[in-house]
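**Student:** File my_file.json follows (JSON, C-alpha atoms):
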[["chain", "number", "residue", "atom", "x", "y", "z"],
["G", 1, "MET", "CA", 122.16, 100.90, 68.53],
["G", 2, "LYS", "CA", 120.84, 98.90, 65.56],
["G", 3, "LEU", "CA", 117.51, 100.75, 65.72],
["G", 4, "ARG", "CA", 119.29, 104.12, 65.74],
["G", 5, "PHE", "CA", 121.37, 103.04, 62.73],
["G", 6, "LEU", "CA", 118.26, 101.81, 60.91],
["G", 7, "ILE", "CA", 116.42, 105.07, 61.54],
["G", 8, "ALA", "CA", 119.43, 107.08, 60.41],
["G", 9, "ALA", "CA", 119.70, 104.97, 57.27],
["G", 10, "LEU", "CA", 116.02, 105.40, 56.50],
["G", 11, "PHE", "CA", 116.19, 109.17, 56.73],
["G", 12, "SER", "CA", 119.50, 109.64, 55.00],
["G", 13, "ALA", "CA", 118.06, 108.09, 51.85],
["G", 14, "SER", "CA", 116.71, 110.31, 49.11],
["G", 15, "VAL", "CA", 113.11, 111.41, 49.62],
["G", 16, "ALA", "CA", 112.34, 111.01, 45.94],
["G", 17, "HIS", "CA", 110.35, 107.98, 44.88],
["G", 18, "PRO", "CA", 111.36, 106.16, 41.69],
["G", 19, "ALA", "CA", 107.88, 106.67, 40.24],
["G", 20, "LEU", "CA", 108.02, 110.44, 40.72],
["G", 21, "ALA", "CA", 110.21, 112.89, 38.89],
["G", 22, "GLY", "CA", 112.12, 115.38, 41.02],
["G", 23, "ASP", "CA", 109.94, 118.25, 39.81],
["G", 24, "GLU", "CA", 106.76, 116.43, 40.83],
["G", 25, "MET", "CA", 108.14, 115.66, 44.30],
["G", 26, "ALA", "CA", 109.22, 119.30, 44.69],
["G", 27, "LYS", "CA", 105.72, 120.41, 43.65],
["G", 28, "TYR", "CA", 104.13, 118.18, 46.31],
["G", 29, "GLN", "CA", 106.53, 119.53, 48.94],
["G", 30, "ASP", "CA", 105.78, 123.14, 47.97],
["G", 31, "GLU", "CA", 102.04, 122.49, 48.17],
["G", 32, "ALA", "CA", 102.42, 120.80, 51.56],
["G", 33, "ARG", "CA", 104.51, 123.67, 52.89],
["G", 34, "LYS", "CA", 101.81, 126.14, 51.83],
["G", 35, "VAL", "CA", 99.12, 124.15, 53.64],
["G", 36, "VAL", "CA", 101.26, 123.93, 56.77],
["G", 37, "LYS", "CA", 101.93, 127.67, 56.61],
["G", 38, "GLU", "CA", 98.19, 128.33, 56.31],
["G", 39, "PHE", "CA", 97.49, 126.04, 59.28],
["G", 40, "ALA", "CA", 100.21, 127.64, 61.42],
["G", 41, "THR", "CA", 99.17, 131.18, 60.49],
["G", 42, "GLN", "CA", 95.50, 130.59, 61.27],
["G", 43, "LEU", "CA", 96.23, 128.79, 64.53],
["G", 44, "SER", "CA", 98.78, 131.30, 65.80],
["G", 45, "GLY", "CA", 96.44, 134.19, 64.94],
["G", 46, "VAL", "CA", 93.55, 132.73, 66.91],
["G", 47, "LEU", "CA", 95.85, 131.72, 69.77],
["G", 48, "LYS", "CA", 97.49, 135.15, 69.99],
["G", 49, "THR", "CA", 94.11, 136.91, 69.99],
["G", 50, "GLU", "CA", 92.76, 134.68, 72.76],
["G", 51, "MET", "CA", 95.95, 134.95, 74.85],
["G", 52, "GLU", "CA", 95.84, 138.74, 74.66],
["G", 53, "ALA", "CA", 92.11, 138.99, 75.31],
["G", 54, "ARG", "CA", 91.56, 136.40, 78.03],
["G", 55, "GLY", "CA", 94.86, 134.77, 78.99],
["G", 56, "PRO", "CA", 96.36, 131.29, 78.84],
["G", 57, "VAL", "CA", 93.53, 129.43, 80.60],
["G", 58, "ALA", "CA", 91.06, 130.59, 77.94],
["G", 59, "ALA", "CA", 93.63, 129.88, 75.21],
["G", 60, "ILE", "CA", 93.60, 126.18, 76.12],
["G", 61, "ALA", "CA", 90.30, 125.99, 74.23],
["G", 62, "VAL", "CA", 92.01, 127.27, 71.08],
["G", 63, "CYS", "CA", 94.28, 124.24, 70.86],
["G", 64, "ARG", "CA", 91.42, 121.98, 71.95],
["G", 65, "ASP", "CA", 88.79, 123.32, 69.56],
["G", 66, "ALA", "CA", 90.23, 125.65, 66.94],
["G", 67, "ALA", "CA", 93.26, 123.55, 65.96],
["G", 68, "PRO", "CA", 91.23, 120.43, 65.06],
["G", 69, "THR", "CA", 88.68, 122.60, 63.25],
["G", 70, "ILE", "CA", 91.40, 124.28, 61.18],
["G", 71, "ALA", "CA", 92.97, 120.89, 60.41],
["G", 72, "SER", "CA", 89.59, 119.48, 59.40],
["G", 73, "GLU", "CA", 88.81, 122.43, 57.13],
["G", 74, "LEU", "CA", 92.21, 122.18, 55.42],
["G", 75, "SER", "CA", 91.77, 118.42, 55.04],
["G", 76, "ARG", "CA", 88.39, 118.84, 53.36],
["G", 77, "LYS", "CA", 89.63, 121.69, 51.18],
["G", 78, "ASN", "CA", 92.61, 119.69, 49.85],
["G", 79, "GLY", "CA", 91.41, 116.09, 50.12],
["G", 80, "TRP", "CA", 94.38, 115.28, 52.37],
["G", 81, "LYS", "CA", 94.75, 114.37, 56.02],
["G", 82, "VAL", "CA", 96.15, 117.44, 57.78],
["G", 83, "SER", "CA", 97.00, 117.17, 61.48],
["G", 84, "ARG", "CA", 99.40, 117.91, 64.29],
["G", 85, "VAL", "CA", 101.19, 115.09, 66.10],
["G", 86, "SER", "CA", 103.58, 114.78, 69.01],
["G", 87, "GLN", "CA", 105.44, 112.18, 71.01],
["G", 88, "LYS", "CA", 103.99, 113.84, 74.12],
["G", 89, "VAL", "CA", 100.29, 114.27, 73.42],
["G", 90, "ARG", "CA", 97.71, 116.26, 75.29],
["G", 91, "ASN", "CA", 94.74, 114.65, 73.50],
["G", 92, "PRO", "CA", 95.61, 111.06, 72.50],
["G", 93, "LEU", "CA", 92.59, 110.88, 70.16],
["G", 94, "LEU", "CA", 93.90, 113.67, 67.94],
["G", 95, "GLY", "CA", 97.65, 113.94, 68.35],
["G", 96, "THR", "CA", 99.02, 110.41, 68.50],
["G", 97, "PRO", "CA", 101.49, 109.79, 65.67],
["G", 98, "ASP", "CA", 101.27, 106.71, 63.47],
["G", 99, "ALA", "CA", 104.39, 104.55, 62.89],
["G", 100, "TRP", "CA", 105.70, 106.70, 60.02],
["G", 101, "GLU", "CA", 105.17, 109.91, 62.00],
["G", 102, "GLN", "CA", 106.95, 108.40, 65.02],
["G", 103, "LYS", "CA", 110.02, 107.69, 62.88],
["G", 104, "VAL", "CA", 110.06, 111.22, 61.51],
["G", 105, "LEU", "CA", 109.62, 112.74, 64.98],
["G", 106, "ALA", "CA", 112.54, 110.61, 66.23],
["G", 107, "ASP", "CA", 114.63, 111.84, 63.30],
["G", 108, "PHE", "CA", 113.69, 115.45, 64.08],
["G", 109, "GLU", "CA", 114.81, 114.93, 67.70],
["G", 110, "GLN", "CA", 118.22, 113.72, 66.49],
["G", 111, "ARG", "CA", 118.50, 116.62, 64.07],
["G", 112, "LEU", "CA", 117.90, 119.12, 66.91],
["G", 113, "GLU", "CA", 121.56, 118.80, 67.88],
["G", 114, "LYS", "CA", 122.70, 120.35, 64.60],
["G", 115, "GLU", "CA", 119.66, 122.06, 63.06],
["G", 116, "ASN", "CA", 117.24, 124.84, 63.83],
["G", 117, "PRO", "CA", 113.87, 123.11, 64.41],
["G", 118, "ALA", "CA", 112.08, 125.94, 62.59],
["G", 119, "ASN", "CA", 113.71, 124.71, 59.36],
["G", 120, "MET", "CA", 113.07, 120.99, 59.81],
["G", 121, "ASP", "CA", 110.77, 119.14, 57.46],
["G", 122, "TYR", "CA", 110.68, 115.79, 55.73],
["G", 123, "ALA", "CA", 108.80, 114.33, 52.75],
["G", 124, "GLU", "CA", 108.54, 110.85, 51.32],
["G", 125, "ILE", "CA", 106.33, 108.70, 49.10],
["G", 126, "VAL", "CA", 105.17, 105.63, 50.99],
["G", 127, "THR", "CA", 103.23, 102.55, 50.00],
["G", 128, "GLU", "CA", 100.65, 101.40, 52.52],
["G", 129, "PRO", "CA", 97.97, 98.70, 52.27],
["G", 130, "GLN", "CA", 95.47, 101.35, 51.08],
["G", 131, "GLY", "CA", 97.79, 102.67, 48.36],
["G", 132, "LYS", "CA", 100.56, 105.21, 47.77],
["G", 133, "TYR", "CA", 100.76, 108.44, 49.69],
["G", 134, "PHE", "CA", 102.86, 111.56, 49.75],
["G", 135, "ARG", "CA", 103.77, 112.08, 53.42],
["G", 136, "TYR", "CA", 105.11, 115.35, 54.78],
["G", 137, "MET", "CA", 105.98, 116.65, 58.22],
["G", 138, "LYS", "CA", 107.12, 120.07, 59.44],
["G", 139, "ALA", "CA", 108.60, 120.43, 62.92],
["G", 140, "ILE", "CA", 106.87, 122.64, 65.50],
["G", 141, "PRO", "CA", 109.53, 124.17, 67.73],
["G", 142, "LEU", "CA", 108.46, 125.26, 71.19],
["G", 143, "GLN", "CA", 108.24, 129.04, 71.39],
["G", 144, "ASP", "CA", 108.11, 131.27, 74.45],
["G", 145, "VAL", "CA", 104.32, 131.67, 74.35],
["G", 146, "CYS", "CA", 103.93, 127.86, 74.29],
["G", 147, "LEU", "CA", 105.58, 127.57, 77.70],
["G", 148, "LYS", "CA", 102.50, 129.04, 79.40],
["G", 149, "CYS", "CA", 100.66, 125.76, 78.75],
["G", 150, "HIS", "CA", 103.40, 123.31, 77.77],
["G", 151, "GLY", "CA", 106.30, 124.37, 80.02],
["G", 152, "THR", "CA", 107.50, 123.00, 83.32],
["G", 153, "ASP", "CA", 105.38, 123.34, 86.45],
["G", 154, "GLU", "CA", 107.64, 126.20, 87.55],
["G", 155, "VAL", "CA", 106.67, 128.18, 84.43],
["G", 156, "ARG", "CA", 103.00, 127.27, 84.10],
["G", 157, "ALA", "CA", 100.66, 129.22, 86.39],
["G", 158, "GLN", "CA", 98.55, 127.22, 88.84],
["G", 159, "PRO", "CA", 95.23, 128.09, 87.13],
["G", 160, "VAL", "CA", 96.65, 126.74, 83.85],
["G", 161, "ARG", "CA", 97.85, 123.53, 85.53],
["G", 162, "ASP", "CA", 94.43, 123.11, 87.17],
["G", 163, "ALA", "CA", 92.53, 123.68, 83.90],
["G", 164, "LEU", "CA", 94.77, 121.23, 82.04],
["G", 165, "ALA", "CA", 94.45, 118.60, 84.78],
["G", 166, "ALA", "CA", 90.66, 118.90, 84.64],
["G", 167, "GLY", "CA", 90.42, 118.82, 80.85],
["G", 168, "TYR", "CA", 93.25, 116.40, 80.10],
["G", 169, "PRO", "CA", 93.76, 113.90, 82.93],
["G", 170, "HIS", "CA", 96.35, 111.96, 80.87],
["G", 171, "ASP", "CA", 98.23, 115.04, 79.60],
["G", 172, "LYS", "CA", 101.82, 114.35, 78.51],
["G", 173, "ALA", "CA", 102.33, 117.64, 76.63],
["G", 174, "ASN", "CA", 104.12, 119.52, 79.38],
["G", 175, "GLY", "CA", 107.56, 119.86, 80.92],
["G", 176, "TYR", "CA", 109.02, 121.46, 77.79],
["G", 177, "THR", "CA", 111.73, 124.09, 77.69],
["G", 178, "LEU", "CA", 112.34, 126.74, 75.05],
["G", 179, "GLY", "CA", 113.68, 125.38, 71.76],
["G", 180, "GLN", "CA", 112.54, 121.81, 72.20],
["G", 181, "LEU", "CA", 110.44, 120.06, 69.60],
["G", 182, "ARG", "CA", 106.74, 120.29, 70.51],
["G", 183, "GLY", "CA", 105.65, 118.05, 67.65],
["G", 184, "ALA", "CA", 104.98, 118.44, 63.94],
["G", 185, "PHE", "CA", 102.39, 119.30, 61.37],
["G", 186, "SER", "CA", 101.64, 116.21, 59.32],
["G", 187, "ILE", "CA", 100.17, 115.81, 55.85],
["G", 188, "LYS", "CA", 99.10, 112.57, 54.20],
["G", 189, "ARG", "CA", 98.11, 113.00, 50.57],
["G", 190, "PRO", "CA", 96.75, 110.07, 48.54],
["G", 191, "LEU", "CA", 98.38, 109.59, 45.14]]
Would you mind writing the file out in structure tokens?
**Tutor:**
Amino acid sequence: MKLRFLIAALFSASVAHPALAGDEMAKYQDEARKVVKEFATQLSGVLKTEMEARGPVAAIAVCRDAAPTIASELSRKNGWKVSRVSQKVRNPLLGTPDAWEQKVLADFEQRLEKENPANMDYAEIVTEPQGKYFRYMKAIPLQDVCLKCHGTDEVRAQPVRDALAAGYPHDKANGYTLGQLRGAFSIKRPL
């Protein structure tokens, strides 16, 4: 109970940092939202094309290969760390959240009871041993198309389950139902 109260207290506080004016924080948030939109648009376009052309088994490669490539390109372009994270990862090397991201994901899960996940985001200035960072996360709600690879075993076709088992022996990114939180886009911008 104390942990839940602490998390709630952390996220109910203002996201503004004393060293940043409200306009500057809003500017960072707007820029982060644009990068996330670009990431989501590129990824969904490639995923939709592959799903229509070759089906869900072939589309597994999009999330495996295209998503990290898009994130890497956006990171280089902006000088920020751009990624996707989840509490239930398919590839632990790429999608495992750090401590700050875990707290935000837990907050998003609590907010699901009262909020549309498509509208959930969070921003904060944090101080870490390496310096100050603007941190931003945008929730990724599970959509119908996602169920083909991330749904329950009753929803996922056997060839998809077989391909995922072969490519991801420690896969945790399944068993979802429509409307759940799949994870979040995450941005870490040095200040």
**Student:** Please determine, counting all atoms listed in the file, which residue among G:Glu124, G:Asp65, G:Glu38, G:Asp107 has the shortest atom-to-atom distance to Gly22 in chain G.
**Tutor:** G:Glu124
**Student:** Please determine, counting only C-alpha atoms, which residue among G:Arg135, G:Arg182, G:Lys188, G:Arg64 has the shortest atom-to-atom distance to Leu147 in chain G.
**Tutor:** G:Arg182
**Student:** Tell me which of G:Leu181, G:Ile70, G:Ala139, G:Val126 sits closest to Leu43 in chain G, counting all atoms listed in the file.
**Tutor:**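 Closest to Leu43 in chain G of all the choices is G:Ile70.
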**Student:** Which residue, G:Met137, G:Ile187, G:Val160, G:Ala118, has the smallest gap to Ala106 in chain G when you use all atoms listed in the file?
**Tutor:**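 Checking each of G:Met137, G:Ile187, G:Val160, G:Ala118 against Ala106 in chain G, counting all atoms listed in the file, the winner is G:Met137.
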**Student:** Find, counting all atoms listed in the file, the residue in G:Asp144, G:Glu52, G:Glu113, G:Asp171 that gets nearest to Gln87 in chain G.
**Tutor:**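 Nearest to Gln87 in chain G: G:Asp171.
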**Student:** Determine the nearest neighbour of Phe185 in chain G from the options G:Lys88, G:Lys138, G:Lys48, G:Lys34, counting only C-alpha atoms.
**Tutor:**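 Ranking G:Lys88, G:Lys138, G:Lys48, G:Lys34 by distance to Phe185 in chain G, first place goes to G:Lys138.
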**Student:** For Leu105 in chain G, list every protein, DNA or RNA residue within 12 Å, evaluated using all atoms listed in the file, and leave out those in the same chain fewer than 4 positions away; present the list as a PyMOL selection string.
**Tutor:** chain G and resi 7+11+84-88+96-101+109-112+117+120-122+136-141+180-186
**Student:** Write out the residues from the selection above, keeping C-alpha atoms, as a JSON list (two decimals), in the frame of the given file.
**Tutor:**
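Here's the written file selection_35.json:
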[["chain", "number", "residue", "atom", "x", "y", "z"],
["G", 7, "ILE", "CA", 116.42, 105.07, 61.54],
["G", 11, "PHE", "CA", 116.19, 109.17, 56.73],
["G", 84, "ARG", "CA", 99.40, 117.91, 64.29],
["G", 85, "VAL", "CA", 101.19, 115.09, 66.10],
["G", 86, "SER", "CA", 103.58, 114.78, 69.01],
["G", 87, "GLN", "CA", 105.44, 112.18, 71.01],
["G", 88, "LYS", "CA", 103.99, 113.84, 74.12],
["G", 96, "THR", "CA", 99.02, 110.41, 68.50],
["G", 97, "PRO", "CA", 101.49, 109.79, 65.67],
["G", 98, "ASP", "CA", 101.27, 106.71, 63.47],
["G", 99, "ALA", "CA", 104.39, 104.55, 62.89],
["G", 100, "TRP", "CA", 105.70, 106.70, 60.02],
["G", 101, "GLU", "CA", 105.17, 109.91, 62.00],
["G", 109, "GLU", "CA", 114.81, 114.93, 67.70],
["G", 110, "GLN", "CA", 118.22, 113.72, 66.49],
["G", 111, "ARG", "CA", 118.50, 116.62, 64.07],
["G", 112, "LEU", "CA", 117.90, 119.12, 66.91],
["G", 117, "PRO", "CA", 113.87, 123.11, 64.41],
["G", 120, "MET", "CA", 113.07, 120.99, 59.81],
["G", 121, "ASP", "CA", 110.77, 119.14, 57.46],
["G", 122, "TYR", "CA", 110.68, 115.79, 55.73],
["G", 136, "TYR", "CA", 105.11, 115.35, 54.78],
["G", 137, "MET", "CA", 105.98, 116.65, 58.22],
["G", 138, "LYS", "CA", 107.12, 120.07, 59.44],
["G", 139, "ALA", "CA", 108.60, 120.43, 62.92],
["G", 140, "ILE", "CA", 106.87, 122.64, 65.50],
["G", 141, "PRO", "CA", 109.53, 124.17, 67.73],
["G", 180, "GLN", "CA", 112.54, 121.81, 72.20],
["G", 181, "LEU", "CA", 110.44, 120.06, 69.60],
["G", 182, "ARG", "CA", 106.74, 120.29, 70.51],
["G", 183, "GLY", "CA", 105.65, 118.05, 67.65],
["G", 184, "ALA", "CA", 104.98, 118.44, 63.94],
["G", 185, "PHE", "CA", 102.39, 119.30, 61.37],
["G", 186, "SER", "CA", 101.64, 116.21, 59.32]]
**Student:** What gap, in Å, lies between CA of Thr152 in chain G and CA of Pro92 in chain G?
**Tutor:**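 It comes out at 20.0 Å.
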**Student:** Have a look at CA of Asp162 in chain G and CA of Gly175 in chain G and let me know their distance in Å, one decimal.
**Tutor:** 14.9 Å
**Student:** Just give me the gap between CA of Pro169 in chain G and CA of Pro56 in chain G in Å, one decimal is fine.
**Tutor:** 18.1 Å
**Student:** Which polymer residues, protein or nucleic acid, are no farther than 12 Å from (92.8, 124.3, 53.3), counting only C-alpha atoms, as a list in words?
**Tutor:**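 Using only C-alpha atoms, the matching residues come out as Glu31, Ala32, Arg33, Lys34, Val35, Val36, Lys37, Glu38, Phe39, Ala40, Thr41, Gln42, Thr69, Ile70, Ala71, Ser72, Glu73, Leu74, Ser75, Arg76, Lys77, Asn78, Gly79, Trp80, Lys81, Val82, Ser83 and Ile187 of chain G.
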